[in-house]
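Take a look at the structure set out below.
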Amino acid sequence: MRTLVLNAGYEPLGVVSFKRALILVLSEKATILAGSEERLIHSARASLALPSVILLSRYVRVPTARRVPVTRRGVLRRDAWRCAYCAKAANTIDHVQPKSKGGADTWENLVACCLKCNNAKGDKTLNEIGWTLGFQPKMPSGSHWLVRGVDRLEPEWDSFLGLATAA
């Protein structure tokens with residue numbers, strides 16, 4: 001079970017294990033905002049809901065002008081694990097403009113790709129092989145992309161990440 005951590009300004013900071021979340025709650029450094037009432041953690045003196053979202057009691061500043069770091073997993077997640085060229089399941093990433101021809105490791109130059117298309121494209125540009133992209137790759141946006149440790153979202157987090165209004 002994973003727990004979303006919010007600072008005192010209700011900004012998402014990251015994701016921790018439920019054990020770490022319980023330690024923060026029991027040491028009075030955080031309070032539980034959302035939890036599973038069906039799943040309780042029992043101690044000698046209390047019973048607590050298994051925390052899904054906790055709020056730190058002390059304010060922790062979040063830098064405002066942060067860029068989402070480019071990672072292999074992030075590119076695959078942005079493209080919904082689908083190949084940018086054939087829309088089949090993707091398991092690797094590809095440089096649209098090959099590195100050997102000046103391409104960089106940026107959100108705008110990386111796409112999810114299946115192994116078959118990656119091998120067929122090789123070290124060529126899209127113009128050289130006559131392929132096109134169905135979308136323009138770009139850096140993902142939204143607070144959940146800036147939160148460390150969020151690979152998959154829990155439904156209880158939606159209202160805290162502002163996803164309910166964005167959807």
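By order in the structure tokens, chains are A, B, ...; within a chain, residues start at 1; ligands start at 1, following the order shown.
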Next item on the list: Identify, on the basis of only C-alpha atoms, every residue whose closest approach to His95 of chain A does not exceed 10 Å; exclude the query and any residue fewer than 3 positions from it along the same chain; express the result as a PyMOL selection string.
Entry: chain A and resi 98-100+103-113+118+121-125
Check: Using only C-alpha atoms, which residues sit within 7 Å of segment 23-36 of chain A once same-chain residues fewer than 2 positions away are excluded, as number ranges by chain?
Finding: A: 19-21, 38-39, 49-57
Notebook entry, point to check: What separation in Å, quoted to one decimal, exists between atom CA of Gly130 of chain A and atom CA of Cys114 of chain A?
Noted result: 17.7 Å
Next item on the list: Using only C-alpha atoms, pick whichever of A:Ala120, A:Leu40, A:Leu133, A:Cys83 has the shortest atom-to-atom distance to Val96 of chain A.
Entry: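 For Val96 of chain A, the nearest of the given residues is A:Leu133.
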Notebook entry, point to check: Quick one: of A:Ala8, A:Met1, A:His42, A:Val75, who's nearest to Met139 of chain A, counting only C-alpha atoms?
Noted result: A:Val75
Next item on the list: Output as a VMD selection string all residues of segment 9-121 of chain A that backbone DSSP marks as alpha helix (DSSP H).
Entry: chain A and resid 18 to 26 72 to 78 115 to 121
Check: Which is closer to Leu22 of chain A than all the others in A:Gln97, A:Ser47, A:Asn7, A:Gln136, using only C-alpha atoms?
Finding: A:Ser47
Next item on the list: Grab the atom CA of Pro137 of chain A to atom CA of Gly14 of chain A distance for me, in Å with one decimal place.
Entry: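 Atom CA of Gly14 of chain A lies 25.3 Å from atom CA of Pro137 of chain A.
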Next item on the list: Output as a VMD selection string all residues of segment 25-124 of chain A that backbone DSSP marks as strand (DSSP E or B).
Entry: chain A and resid 30 to 42 47 to 56 82 89 92 to 95 110 to 113
C-alpha atoms of the current selection, written as an mmCIF file, in the first residue's frame:
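Below is the file out.cif, written as the result:
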```
data_model
loop_
_atom_site.group_PDB
_atom_site.id
_atom_site.type_symbol
_atom_site.label_atom_id
_atom_site.label_comp_id
_atom_site.auth_asym_id
_atom_site.auth_seq_id
_atom_site.Cartn_x
_atom_site.Cartn_y
_atom_site.Cartn_z
ATOM 1 C CA ALA A 30 1.470 14.188 9.938
ATOM 2 C CA THR A 31 -2.262 13.540 10.051
ATOM 3 C CA ILE A 32 -4.321 11.114 7.995
ATOM 4 C CA LEU A 33 -6.568 12.821 5.423
ATOM 5 C CA ALA A 34 -7.819 9.698 3.656
ATOM 6 C CA GLY A 35 -7.577 6.069 4.538
ATOM 7 C CA SER A 36 -9.182 2.689 4.205
ATOM 8 C CA GLU A 37 -11.774 2.214 6.952
ATOM 9 C CA GLU A 38 -11.999 -1.480 6.041
ATOM 10 C CA ARG A 39 -8.277 -1.977 6.696
ATOM 11 C CA LEU A 40 -7.228 -0.924 10.172
ATOM 12 C CA ILE A 41 -3.822 -0.941 11.820
ATOM 13 C CA HIS A 42 -4.008 -1.853 15.500
ATOM 14 C CA SER A 47 -6.627 1.696 15.875
ATOM 15 C CA LEU A 48 -5.861 3.728 12.746
ATOM 16 C CA ALA A 49 -7.194 3.528 9.213
ATOM 17 C CA LEU A 50 -4.558 2.368 6.735
ATOM 18 C CA PRO A 51 -3.425 5.776 5.409
ATOM 19 C CA SER A 52 -3.858 6.587 1.741
ATOM 20 C CA VAL A 53 -3.159 10.354 1.990
ATOM 21 C CA ILE A 54 -1.335 12.136 4.830
ATOM 22 C CA LEU A 55 -0.775 15.829 5.537
ATOM 23 C CA LEU A 56 2.509 17.006 7.046
ATOM 24 C CA ARG A 82 1.740 2.323 -26.629
ATOM 25 C CA ALA A 89 2.298 -2.381 -26.706
ATOM 26 C CA THR A 92 11.267 0.594 -25.112
ATOM 27 C CA ILE A 93 11.770 4.221 -26.123
ATOM 28 C CA ASP A 94 13.011 5.758 -29.370
ATOM 29 C CA HIS A 95 14.658 9.036 -30.331
ATOM 30 C CA LEU A 110 11.537 10.677 -27.107
ATOM 31 C CA VAL A 111 8.541 8.417 -27.723
ATOM 32 C CA ALA A 112 7.429 4.989 -26.544
ATOM 33 C CA CYS A 113 8.180 2.316 -29.107
#
```
Next item on the list: Would you work out the distance separating atom CA of Glu11 of chain A from atom CA of Arg73 of chain A, expressed in Å to one decimal?
Entry: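 Rounded to one decimal, the two atoms are 23.2 Å apart.
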